[in-house]
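work05.txt (compact mmCIF, C-alpha atoms)
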```
# COMPACT_ATOMS: atom_id res chain seq x y z
CA MET A 1 -36.96 45.20 -13.53
CA LEU A 2 -33.74 44.96 -11.55
CA GLN A 3 -34.65 41.63 -10.04
CA PRO A 4 -34.57 39.45 -13.19
CA THR A 5 -31.06 40.65 -14.14
CA TRP A 6 -29.82 40.08 -10.61
CA LEU A 7 -31.21 36.55 -10.69
CA ARG A 8 -29.58 35.89 -14.05
CA LEU A 9 -26.19 37.05 -12.80
CA TRP A 10 -26.49 34.83 -9.73
CA TRP A 11 -27.41 31.78 -11.82
CA ARG A 12 -24.46 32.22 -14.19
CA ARG A 13 -22.00 32.65 -11.39
CA SER A 14 -22.95 29.86 -9.00
CA PRO A 15 -21.60 26.78 -10.85
CA ALA A 16 -18.14 28.30 -11.00
CA VAL A 17 -17.94 29.67 -7.47
CA GLY A 18 -14.71 28.46 -5.91
CA VAL A 19 -14.55 25.25 -7.93
CA PRO A 20 -12.95 24.92 -11.36
CA ALA A 21 -15.13 23.14 -13.90
CA LYS A 22 -13.04 20.00 -14.21
CA ASN A 23 -13.16 19.39 -10.47
CA LEU A 24 -16.92 19.79 -10.49
CA CYS A 25 -17.28 16.92 -12.93
CA LEU A 26 -14.89 14.77 -10.90
CA ARG A 27 -16.86 15.32 -7.76
CA LYS A 28 -20.09 14.40 -9.52
CA VAL A 29 -18.61 11.16 -10.79
CA ALA A 30 -17.23 10.31 -7.38
CA SER A 31 -20.58 10.78 -5.65
CA ALA A 32 -22.46 8.78 -8.28
CA VAL A 33 -20.05 5.93 -7.91
CA SER A 34 -20.12 5.80 -4.12
CA SER A 35 -23.90 5.84 -3.89
CA ARG A 36 -24.09 2.67 -5.96
CA GLY A 37 -24.90 -0.33 -3.81
CA THR A 38 -24.49 -0.03 -0.06
CA ALA A 39 -21.49 2.06 0.95
CA SER A 40 -20.29 1.68 4.53
CA PRO A 41 -21.78 4.26 6.86
CA ARG A 42 -18.42 5.93 7.36
CA ALA A 43 -17.12 5.60 3.81
CA LEU A 44 -13.85 7.47 3.88
CA ASN A 45 -12.17 9.21 1.01
CA ILE A 46 -8.53 9.19 1.99
CA PHE A 47 -6.83 8.36 -1.27
CA ASP A 48 -7.02 9.94 -4.68
CA ARG A 49 -7.69 6.82 -6.77
CA ASP A 50 -7.32 8.67 -10.03
CA LEU A 51 -3.82 9.75 -9.07
CA LYS A 52 -2.99 6.22 -7.92
CA ARG A 53 -4.01 4.92 -11.34
CA LYS A 54 -1.76 7.52 -13.00
CA GLN A 55 1.14 6.61 -10.72
CA LYS A 56 0.75 2.90 -11.41
CA ASN A 57 0.53 3.53 -15.14
CA TRP A 58 3.66 5.66 -15.01
CA ALA A 59 5.50 2.99 -13.00
CA ALA A 60 4.46 0.28 -15.46
CA ARG A 61 5.72 2.34 -18.38
CA GLN A 62 9.19 2.81 -16.94
CA PRO A 63 12.05 1.47 -19.11
CA GLU A 64 13.00 -1.18 -16.52
CA PRO A 65 9.97 -2.02 -14.38
CA MET A 66 11.54 -5.26 -13.13
CA LYS A 67 14.15 -3.20 -11.28
CA PHE A 68 11.53 -2.26 -8.68
CA ASP A 69 9.68 -5.55 -8.57
CA TYR A 70 11.68 -7.26 -5.84
CA LEU A 71 9.25 -6.64 -2.99
CA LYS A 72 6.10 -7.55 -4.88
CA GLU A 73 7.77 -10.65 -6.34
CA GLU A 74 8.73 -11.83 -2.86
CA VAL A 75 5.28 -11.27 -1.40
CA GLY A 76 3.68 -12.83 -4.49
CA SER A 77 5.76 -15.98 -4.03
CA ARG A 78 4.79 -16.18 -0.36
CA ILE A 79 1.13 -15.93 -1.27
CA ALA A 80 1.60 -18.67 -3.85
CA ASP A 81 3.14 -20.78 -1.06
CA ARG A 82 -0.02 -20.33 0.94
CA VAL A 83 -2.11 -21.33 -2.05
CA TYR A 84 -0.08 -24.52 -2.39
CA ASP A 85 -0.53 -25.22 1.32
CA ILE A 86 -4.24 -25.65 0.70
CA THR A 87 -4.66 -29.18 -0.60
CA ARG A 88 -7.20 -28.30 -3.24
CA ASP A 89 -7.16 -27.11 -6.78
CA PHE A 90 -9.03 -24.04 -7.93
CA PRO A 91 -10.64 -24.04 -11.36
CA LEU A 92 -11.27 -20.28 -11.34
CA ALA A 93 -9.17 -17.73 -9.51
CA LEU A 94 -9.08 -13.94 -9.26
CA ASP A 95 -6.18 -11.62 -8.50
CA VAL A 96 -7.31 -8.24 -7.18
CA GLY A 97 -4.81 -5.47 -7.80
CA CYS A 98 -2.43 -7.74 -9.67
CA GLY A 99 0.12 -5.22 -10.93
CA ARG A 100 2.18 -7.10 -13.48
CA GLY A 101 0.94 -10.47 -12.25
CA TYR A 102 3.36 -11.41 -9.49
CA ILE A 103 1.34 -14.27 -8.03
CA ALA A 104 0.40 -16.02 -11.26
CA GLN A 105 3.97 -16.73 -12.25
CA HIS A 106 4.53 -18.84 -9.12
CA LEU A 107 1.41 -20.97 -9.59
CA ASN A 108 0.99 -23.89 -11.94
CA LYS A 109 -1.78 -25.20 -14.17
CA GLU A 110 -2.68 -28.08 -11.84
CA THR A 111 -3.53 -25.79 -8.94
CA VAL A 112 -5.30 -23.01 -10.77
CA GLY A 113 -7.33 -23.67 -13.91
CA LYS A 114 -8.03 -20.14 -15.13
CA PHE A 115 -6.83 -16.87 -13.68
CA PHE A 116 -8.55 -13.49 -13.83
CA GLN A 117 -6.28 -10.53 -13.15
CA THR A 118 -7.69 -7.13 -12.31
CA ASP A 119 -5.95 -3.84 -11.72
CA ILE A 120 -6.82 -0.17 -12.07
CA ALA A 121 -3.81 0.57 -14.27
CA GLU A 122 -4.10 -0.54 -17.90
CA HIS A 123 -0.38 -0.35 -18.62
CA ALA A 124 0.36 -2.75 -15.82
CA LEU A 125 -2.10 -5.21 -17.33
CA LYS A 126 -0.57 -4.78 -20.77
CA ASN A 127 2.89 -5.66 -19.47
CA THR A 128 1.99 -8.74 -17.44
CA LEU A 129 4.65 -11.40 -17.01
CA GLU A 130 4.45 -14.61 -18.99
CA VAL A 131 2.64 -17.40 -17.14
CA GLU A 132 1.58 -20.91 -18.08
CA ILE A 133 -1.94 -20.57 -16.66
CA PRO A 134 -4.50 -19.10 -19.08
CA THR A 135 -5.23 -15.57 -17.83
CA VAL A 136 -7.81 -12.92 -18.56
CA SER A 137 -6.98 -9.31 -17.74
CA VAL A 138 -9.80 -7.08 -16.55
CA LEU A 139 -9.51 -3.39 -15.84
CA ALA A 140 -11.38 -2.96 -12.56
CA ASP A 141 -11.20 -1.05 -9.31
CA GLU A 142 -10.74 -3.09 -6.13
CA GLU A 143 -13.88 -1.59 -4.65
CA PHE A 144 -16.13 -2.28 -7.64
CA LEU A 145 -15.46 -5.81 -8.87
CA PRO A 146 -17.52 -6.46 -12.03
CA PHE A 147 -18.25 -10.13 -11.33
CA ARG A 148 -21.34 -12.06 -10.38
CA GLU A 149 -21.96 -13.63 -7.02
CA ASN A 150 -20.41 -17.05 -6.32
CA THR A 151 -18.00 -17.02 -9.24
CA PHE A 152 -14.51 -17.75 -7.95
CA ASP A 153 -12.94 -20.58 -6.00
CA LEU A 154 -9.94 -18.51 -5.02
CA VAL A 155 -9.33 -14.79 -4.66
CA VAL A 156 -5.83 -13.48 -4.00
CA SER A 157 -4.68 -9.96 -3.42
CA SER A 158 -1.12 -8.89 -2.98
CA LEU A 159 -0.13 -5.46 -1.67
CA SER A 160 -2.85 -3.40 -3.28
CA LEU A 161 -5.58 -3.15 -0.63
CA HIS A 162 -3.66 -0.52 1.32
CA TRP A 163 -4.63 2.07 -1.29
CA VAL A 164 -8.33 1.27 -1.08
CA ASN A 165 -10.60 3.95 0.37
CA ASP A 166 -13.40 1.77 1.64
CA LEU A 167 -11.70 -1.39 2.85
CA PRO A 168 -14.78 -2.97 4.48
CA ARG A 169 -16.63 -2.65 1.21
CA ALA A 170 -13.74 -4.06 -0.81
CA LEU A 171 -13.60 -7.11 1.45
CA GLU A 172 -17.37 -7.50 1.19
CA GLN A 173 -17.09 -7.43 -2.59
CA ILE A 174 -14.43 -10.14 -2.46
CA HIS A 175 -16.67 -12.21 -0.21
CA TYR A 176 -19.53 -11.69 -2.65
CA VAL A 177 -17.69 -12.98 -5.71
CA LEU A 178 -16.36 -16.04 -3.89
CA LYS A 179 -18.14 -19.38 -4.17
CA PRO A 180 -19.22 -21.07 -0.94
CA ASP A 181 -16.18 -22.89 0.42
CA GLY A 182 -14.00 -20.49 -1.53
CA VAL A 183 -10.95 -18.92 0.03
CA PHE A 184 -9.46 -15.43 0.04
CA ILE A 185 -5.71 -15.06 0.57
CA GLY A 186 -4.47 -11.51 0.85
CA ALA A 187 -1.37 -9.58 1.78
CA MET A 188 -1.39 -6.00 2.99
CA PHE A 189 1.16 -3.62 4.37
CA GLY A 190 1.00 -3.31 8.13
CA GLY A 191 1.43 -0.50 10.63
CA ASP A 192 5.20 -0.72 11.01
CA THR A 193 5.92 -0.38 7.32
CA LEU A 194 8.46 2.31 6.53
CA TYR A 195 8.45 3.58 10.09
CA GLU A 196 12.06 4.71 9.67
CA LEU A 197 11.13 6.91 6.74
CA ARG A 198 8.09 8.25 8.53
CA CYS A 199 10.06 9.14 11.67
CA SER A 200 12.95 10.72 9.81
CA LEU A 201 10.68 12.90 7.72
CA GLN A 202 8.69 13.85 10.81
CA LEU A 203 11.74 14.88 12.80
CA ALA A 204 13.40 16.71 9.93
CA GLU A 205 10.24 18.59 9.01
CA THR A 206 9.68 19.62 12.62
CA GLU A 207 13.22 20.88 12.95
CA ARG A 208 13.34 22.62 9.59
CA GLU A 209 9.82 23.90 9.18
CA GLY A 210 8.26 23.89 12.62
CA GLY A 211 5.55 21.32 11.91
CA PHE A 212 5.03 18.18 9.86
CA SER A 213 2.48 16.65 7.56
CA PRO A 214 1.98 12.95 6.85
CA HIS A 215 4.10 11.55 4.04
CA VAL A 216 3.55 7.85 4.59
CA SER A 217 0.00 6.64 4.14
CA PRO A 218 -1.96 5.19 7.07
CA PHE A 219 -1.98 1.41 7.39
CA THR A 220 -4.49 -0.98 8.95
CA ALA A 221 -3.78 -2.40 12.39
CA VAL A 222 -3.75 -6.17 12.78
CA ASN A 223 -6.73 -6.22 15.18
CA ASP A 224 -8.80 -4.19 12.77
CA LEU A 225 -7.96 -6.61 10.00
CA GLY A 226 -9.53 -9.48 11.90
CA HIS A 227 -12.65 -7.42 12.61
CA LEU A 228 -12.91 -6.31 9.00
CA LEU A 229 -12.69 -9.84 7.67
CA GLY A 230 -15.28 -11.04 10.18
CA ARG A 231 -17.59 -8.20 9.30
CA ALA A 232 -17.29 -9.00 5.61
CA GLY A 233 -18.57 -12.50 6.36
CA PHE A 234 -15.39 -14.57 6.23
CA ASN A 235 -14.99 -17.69 8.38
CA THR A 236 -12.00 -19.41 9.88
CA LEU A 237 -9.71 -16.41 9.69
CA THR A 238 -5.96 -16.60 9.81
CA VAL A 239 -3.84 -13.48 10.06
CA ASP A 240 -0.08 -13.66 10.36
CA THR A 241 2.59 -11.07 10.03
CA ASP A 242 5.97 -10.96 8.39
CA GLU A 243 8.68 -8.35 8.21
CA ILE A 244 10.90 -7.82 5.23
CA GLN A 245 13.84 -5.52 5.72
CA VAL A 246 15.51 -4.13 2.64
CA ASN A 247 18.78 -2.23 2.84
CA TYR A 248 19.29 0.87 0.74
CA PRO A 249 22.33 3.10 0.26
CA GLY A 250 20.35 6.05 1.55
CA MET A 251 16.95 7.70 1.86
CA PHE A 252 16.91 9.06 -1.68
CA GLU A 253 17.34 5.63 -3.20
CA LEU A 254 14.51 4.33 -1.03
CA MET A 255 12.20 7.10 -2.19
CA GLU A 256 13.13 6.52 -5.82
CA ASP A 257 12.39 2.81 -5.47
CA LEU A 258 9.04 3.50 -3.82
CA GLN A 259 8.11 5.72 -6.72
CA GLY A 260 9.26 3.11 -9.22
CA MET A 261 7.03 0.53 -7.53
CA GLY A 262 4.05 2.82 -8.00
CA GLU A 263 3.76 3.29 -4.24
CA SER A 264 4.03 7.09 -4.13
CA ASN A 265 1.73 8.90 -1.78
CA CYS A 266 -1.70 9.71 -3.13
CA ALA A 267 -3.57 10.68 0.02
CA TRP A 268 -5.69 13.80 -0.32
CA ASN A 269 -4.04 15.33 2.74
CA ARG A 270 -0.51 15.08 1.35
CA LYS A 271 1.58 18.19 1.11
CA ALA A 272 2.29 19.09 -2.50
CA LEU A 273 5.88 20.08 -1.86
CA LEU A 274 8.80 18.57 0.02
CA HIS A 275 11.57 21.13 0.33
CA ARG A 276 15.08 20.15 -0.66
CA ASP A 277 16.36 21.30 2.71
CA THR A 278 13.89 19.05 4.46
CA MET A 279 14.84 16.13 2.25
CA LEU A 280 18.50 16.69 3.00
CA ALA A 281 17.81 16.96 6.71
CA ALA A 282 15.66 13.83 6.66
CA ALA A 283 18.34 11.87 4.81
CA ALA A 284 20.90 12.92 7.41
CA VAL A 285 18.60 11.95 10.29
CA TYR A 286 17.70 8.63 8.65
CA GLY A 287 21.33 7.79 8.13
CA GLU A 288 22.29 8.64 11.68
CA MET A 289 19.35 7.06 13.52
CA TYR A 290 18.93 3.82 11.60
CA ARG A 291 22.22 3.13 9.87
CA ASN A 292 23.57 -0.43 9.65
CA GLU A 293 27.23 -1.26 10.25
CA ASP A 294 28.09 -1.19 6.56
CA GLY A 295 26.63 2.27 6.06
CA SER A 296 23.40 1.23 4.39
CA VAL A 297 20.03 2.14 5.83
CA PRO A 298 17.23 -0.37 6.38
CA ALA A 299 13.61 0.02 5.40
CA THR A 300 11.07 -2.22 7.06
CA TYR A 301 8.06 -3.59 5.24
CA GLN A 302 5.63 -5.27 7.56
CA ILE A 303 3.25 -7.55 5.68
CA TYR A 304 0.03 -9.01 7.07
CA TYR A 305 -1.11 -12.20 5.37
CA MET A 306 -4.78 -13.02 5.81
CA ILE A 307 -6.76 -16.10 4.86
CA GLY A 308 -10.55 -16.17 5.06
CA TRP A 309 -13.08 -18.76 3.91
CA LYS A 310 -16.61 -18.31 2.66
CA TYR A 311 -19.08 -20.32 4.63
CA HIS A 312 -20.06 -23.78 3.44
CA ASP A 313 -21.85 -26.62 5.25
CA SER A 314 -18.89 -28.92 4.85
CA GLN A 315 -16.61 -26.64 6.90
CA ALA A 316 -15.79 -27.59 10.47
CA ARG A 317 -17.89 -25.82 13.02
CA PRO A 318 -17.34 -25.42 16.76
CA ALA A 319 -18.95 -28.34 18.63
CA GLU A 320 -22.16 -27.92 20.68
CA ARG A 321 -21.74 -26.99 24.30
CA GLY A 322 -21.97 -30.05 26.52
CA SER A 323 -21.17 -32.52 23.77
CA ALA A 324 -17.73 -33.37 25.13
CA THR A 325 -17.06 -37.08 25.71
CA VAL A 326 -13.64 -36.69 27.31
CA SER A 327 -12.54 -34.25 30.01
CA PHE A 328 -9.44 -32.06 29.86
CA GLY A 329 -8.22 -33.67 33.07
CA GLU A 330 -7.53 -36.86 31.13
CA LEU A 331 -5.13 -35.08 28.76
CA GLY A 332 -2.17 -36.96 30.22
CA LYS A 333 -3.66 -40.29 29.10
CA ILE A 334 -4.35 -39.10 25.57
CA ASN A 335 -2.25 -41.83 23.93
CA ASP A 336 -4.30 -44.57 25.61
CA LEU A 337 -7.53 -42.85 24.72
CA MET A 338 -6.53 -42.57 21.08
CA SER A 339 -5.46 -46.21 20.80
CA GLN A 340 -8.73 -47.25 22.48
CA GLY A 341 -10.62 -45.19 19.94
CA LYS A 342 -8.75 -46.85 17.07
CA LYS A 343 -9.42 -50.34 18.44
CA SER A 344 -13.14 -49.67 18.77
CA GLN A 345 -13.17 -48.45 15.14
CA MET B 1 4.96 14.46 -15.36
CA SER B 2 3.06 16.46 -17.98
CA GLY B 3 3.88 17.48 -21.52
CA LYS B 4 7.39 16.58 -22.62
CA GLY B 5 8.49 16.42 -18.99
CA ALA B 6 11.43 18.77 -19.50
CA VAL B 7 11.11 20.51 -16.14
CA TRP B 8 10.44 17.28 -14.30
CA SER B 9 13.39 15.42 -15.77
CA ARG B 10 15.69 18.37 -15.08
CA VAL B 11 14.60 18.46 -11.43
CA ARG B 12 14.92 14.69 -11.20
CA SER B 13 18.44 14.68 -12.58
CA ARG B 14 19.44 17.28 -9.99
CA LEU B 15 17.85 15.14 -7.31
CA ARG B 16 19.74 12.09 -8.49
CA ALA B 17 23.01 13.81 -7.67
CA PHE B 18 21.97 14.27 -4.02
CA PRO B 19 23.16 10.91 -2.67
CA GLU B 20 26.77 11.32 -3.74
CA ARG B 21 26.93 14.89 -2.49
CA LEU B 22 25.50 13.70 0.81
CA ALA B 23 28.14 11.00 0.94
CA ALA B 24 30.79 13.71 0.61
CA CYS B 25 29.43 15.43 3.74
CA ARG B 26 29.35 12.43 6.02
CA THR B 27 30.62 14.22 9.18
CA GLU B 28 28.25 17.18 8.96
CA ALA B 29 25.31 14.84 8.29
CA THR B 30 26.23 12.72 11.29
CA ALA B 31 26.51 15.80 13.50
CA TYR B 32 23.09 17.03 12.41
CA GLY B 33 21.55 13.59 12.82
CA ARG B 34 22.98 13.28 16.33
CA CYS B 35 21.61 16.69 17.30
CA VAL B 36 18.10 15.78 16.15
CA GLN B 37 18.30 12.35 17.72
CA ALA B 38 19.36 13.86 21.05
CA SER B 39 16.19 15.90 21.14
CA THR B 40 14.10 12.70 20.93
CA ALA B 41 15.51 11.48 24.23
CA PRO B 42 13.08 11.69 27.18
CA GLY B 43 12.96 15.28 28.42
CA GLY B 44 14.05 16.75 25.10
CA ARG B 45 11.82 18.86 22.87
CA LEU B 46 12.28 19.27 19.17
CA THR B 47 11.52 22.84 18.07
CA LYS B 48 12.11 24.69 14.86
CA ASP B 49 15.77 25.51 14.16
CA LEU B 50 16.96 23.61 17.19
CA CYS B 51 19.90 22.30 15.15
CA ALA B 52 20.17 25.24 12.79
CA GLN B 53 23.96 25.53 13.19
CA GLU B 54 24.61 21.91 12.27
CA PHE B 55 22.21 22.19 9.36
CA GLU B 56 23.96 25.31 8.03
CA ALA B 57 27.26 23.44 8.15
CA LEU B 58 25.65 20.54 6.28
CA ARG B 59 24.08 22.80 3.71
CA SER B 60 27.30 24.72 2.97
CA CYS B 61 29.21 21.45 2.64
CA PHE B 62 26.50 20.21 0.30
CA ALA B 63 26.67 23.40 -1.82
CA ALA B 64 30.46 23.11 -1.97
CA ALA B 65 30.15 19.51 -3.15
CA ALA B 66 27.66 20.65 -5.78
CA LYS B 67 30.09 23.30 -7.03
CA LYS B 68 32.89 20.76 -7.29
CA THR B 69 30.97 18.30 -9.49
```

Encoded form (structure tokens):
Amino acid sequence: MLQPTWLRLWWRRSPAVGVPAKNLCLRKVASAVSSRGTASPRALNIFDRDLKRKQKNWAARQPEPMKFDYLKEEVGSRIADRVYDITRDFPLALDVGCGRGYIAQHLNKETVGKFFQTDIAEHALKNTLEVEIPTVSVLADEEFLPFRENTFDLVVSSLSLHWVNDLPRALEQIHYVLKPDGVFIGAMFGGDTLYELRCSLQLAETEREGGFSPHVSPFTAVNDLGHLLGRAGFNTLTVDTDEIQVNYPGMFELMEDLQGMGESNCAWNRKALLHRDTMLAAAAVYGEMYRNEDGSVPATYQIYYMIGWKYHDSQARPAERGSATVSFGELGKINDLMSQGKKSQ
Amino acid sequence: MSGKGAVWSRVRSRLRAFPERLAACRTEATAYGRCVQASTAPGGRLTKDLCAQEFEALRSCFAAAAKKT
């Protein structure tokens, strides 16, 4: 008769062992979501997406959100430049991780007919900037785009893919929703971003506490970006890099601005606490190691811009081997060759 | 960032005073920064409390600046 009671005790205790109830539910939801469709074989879970949504909501609800918009505005305008460089107009476009809509305000009605903006933070979508293009705001995660295949002529993404857990899958989703001969233009933070902050915190934490933990999230390397885009199925890739350096009075102002942008750390392996002593030490090290002449400190943002096309028959393909009509040795006479070609036409 | 945010805003307001107090301790901060930077030179090793003296000077200057304001 002892056995049944023992079994009952065991059954009541096991759901709560070590894990509080609310975390149990979270874990269940996370696993259900990642098993949907085909996750990459090494699907990583680096970032706490729920916390990132809370941080972005908080940032969007600040009294003066435009105070922290300078970086995203600048990158948004550069992406819009690249859209204009393509001599085509796009009836239907999508902005993945739009924030308050930094790209849409630089585009005009002739280039983009209708604009879909998605973000994980609802407050950011509620406070989007005024644009002349008709827009539709959709609350969606970058990894789970709720659109059908072959929907969009243009997909843009500005500075939001660096918080995505499964980047190969996100790029595959973008490729999926693009029409054939559609283009994806994206901007992501690169490996050198905030290296001054990373180094200062590392050195200060080592000196003060004897070890250090990562405070700046990991970024994609430029070679990996090319591989990822190719793996997702994009053609005719272009990746170029740009560095924006912003000067701040000190490290504390930089950290406050990063938080105001909604770019606070949300990696699972982050340390919950940063001691005041360590912060003070890091600010001193930052100021001494990287200071400009006028006393301000720089922060580097390295941006990778990528352009990828979805395959279409009309796109240029590499020529067949052995189909050359002219040899490289005749490169010096190229003017004559071209004028001959024009005459024969 | 929960509830009324009383604790969080109090901590944040204290943190906002850090930059000006740090500006008042420019020499100590430079000395500490130089000490840490010297350890990053080839052949140097950064260990815990390598620059403890400079940091104590910085911290006492910082506390004095806090008392003044």

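The interatomic distance for the pair atom CA of A:Ser200 and atom CA of A:Phe47 works out to 22.8 Å.
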
**OP:** Compute the set of chain A residues within 6 Å of chain B, using only C-alpha atoms, and express it as an NGL selection string.
**Re:** :A and (207-208 or 210 or 284-285 or 288)

Subject >> Selection near A:Trp309, 10 Å with all atoms listed in the file, sequence-local residues under 5 positions removed, as a PyMOL selection string >> reply: chain A and resi 154+175+178-185+229+233-238+315

**OP:** Counting only C-alpha atoms, select every polymer residue within 12 Å of (-0.6, -8.3, 14.1) as defined in the file's coordinates, and provide the selection as a list in words.
**Re:**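 Every polymer residue passing the test: Met188, Phe189, Gly190, Gly191, Asp192, Phe219, Thr220, Ala221, Val222, Asn223, Asp224, Leu225, Gly226, Thr238, Val239, Asp240, Thr241, Asp242, Glu243, Gln302, Ile303, Tyr304, Tyr305 and Met306 of chain A.
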
Take stretch 18-25 of chain B, bring it up to all heavy atoms, and give me the output as a CSV table (one decimal), in the frame of the given file.
```csv
chain,number,residue,atom,x,y,z
B,18,PHE,N,22.0,14.0,-5.5
B,18,PHE,CA,22.0,14.3,-4.0
B,18,PHE,C,22.7,13.2,-3.2
B,18,PHE,O,23.5,13.5,-2.3
B,18,PHE,CB,20.5,14.4,-3.5
B,18,PHE,CG,20.0,15.8,-3.5
B,18,PHE,CD1,20.3,16.6,-4.6
B,18,PHE,CD2,19.1,16.2,-2.6
B,18,PHE,CE1,19.8,17.9,-4.6
B,18,PHE,CE2,18.6,17.5,-2.6
B,18,PHE,CZ,18.9,18.3,-3.6
B,19,PRO,N,22.5,11.9,-3.5
B,19,PRO,CA,23.2,10.9,-2.7
B,19,PRO,C,24.7,11.0,-2.6
B,19,PRO,O,25.3,10.9,-1.6
B,19,PRO,CB,22.7,9.6,-3.3
B,19,PRO,CG,21.4,9.9,-4.0
B,19,PRO,CD,21.6,11.3,-4.5
B,20,GLU,N,25.3,11.3,-3.8
B,20,GLU,CA,26.8,11.3,-3.7
B,20,GLU,C,27.3,12.6,-3.0
B,20,GLU,O,28.3,12.6,-2.4
B,20,GLU,CB,27.4,11.2,-5.2
B,20,GLU,CG,26.7,12.2,-6.2
B,20,GLU,CD,27.3,11.9,-7.5
B,20,GLU,OE1,26.8,11.1,-8.3
B,20,GLU,OE2,28.3,12.6,-7.8
B,21,ARG,N,26.5,13.7,-3.2
B,21,ARG,CA,26.9,14.9,-2.5
B,21,ARG,C,26.8,14.7,-1.0
B,21,ARG,O,27.6,15.2,-0.2
B,21,ARG,CB,26.1,16.1,-3.0
B,21,ARG,CG,26.4,16.5,-4.3
B,21,ARG,CD,25.7,17.7,-4.8
B,21,ARG,NE,25.6,17.8,-6.2
B,21,ARG,CZ,24.6,18.4,-6.8
B,21,ARG,NH1,23.7,19.1,-6.1
B,21,ARG,NH2,24.6,18.5,-8.1
B,22,LEU,N,25.7,14.0,-0.6
B,22,LEU,CA,25.5,13.7,0.8
B,22,LEU,C,26.6,12.8,1.3
B,22,LEU,O,27.1,13.0,2.5
B,22,LEU,CB,24.1,13.0,1.0
B,22,LEU,CG,23.7,12.8,2.4
B,22,LEU,CD1,23.6,14.1,3.2
B,22,LEU,CD2,22.4,12.1,2.5
B,23,ALA,N,27.1,11.9,0.5
B,23,ALA,CA,28.1,11.0,0.9
B,23,ALA,C,29.4,11.8,1.2
B,23,ALA,O,30.3,11.4,2.0
B,23,ALA,CB,28.4,9.9,-0.1
B,24,ALA,N,29.6,12.9,0.4
B,24,ALA,CA,30.8,13.7,0.6
B,24,ALA,C,30.7,14.5,1.9
B,24,ALA,O,31.8,15.1,2.3
B,24,ALA,CB,30.9,14.7,-0.6
B,25,CYS,N,29.6,14.6,2.5
B,25,CYS,CA,29.4,15.4,3.7
B,25,CYS,C,29.1,14.6,4.9
B,25,CYS,O,28.2,14.9,5.7
B,25,CYS,CB,28.3,16.5,3.5
B,25,CYS,SG,28.6,17.6,2.2
```
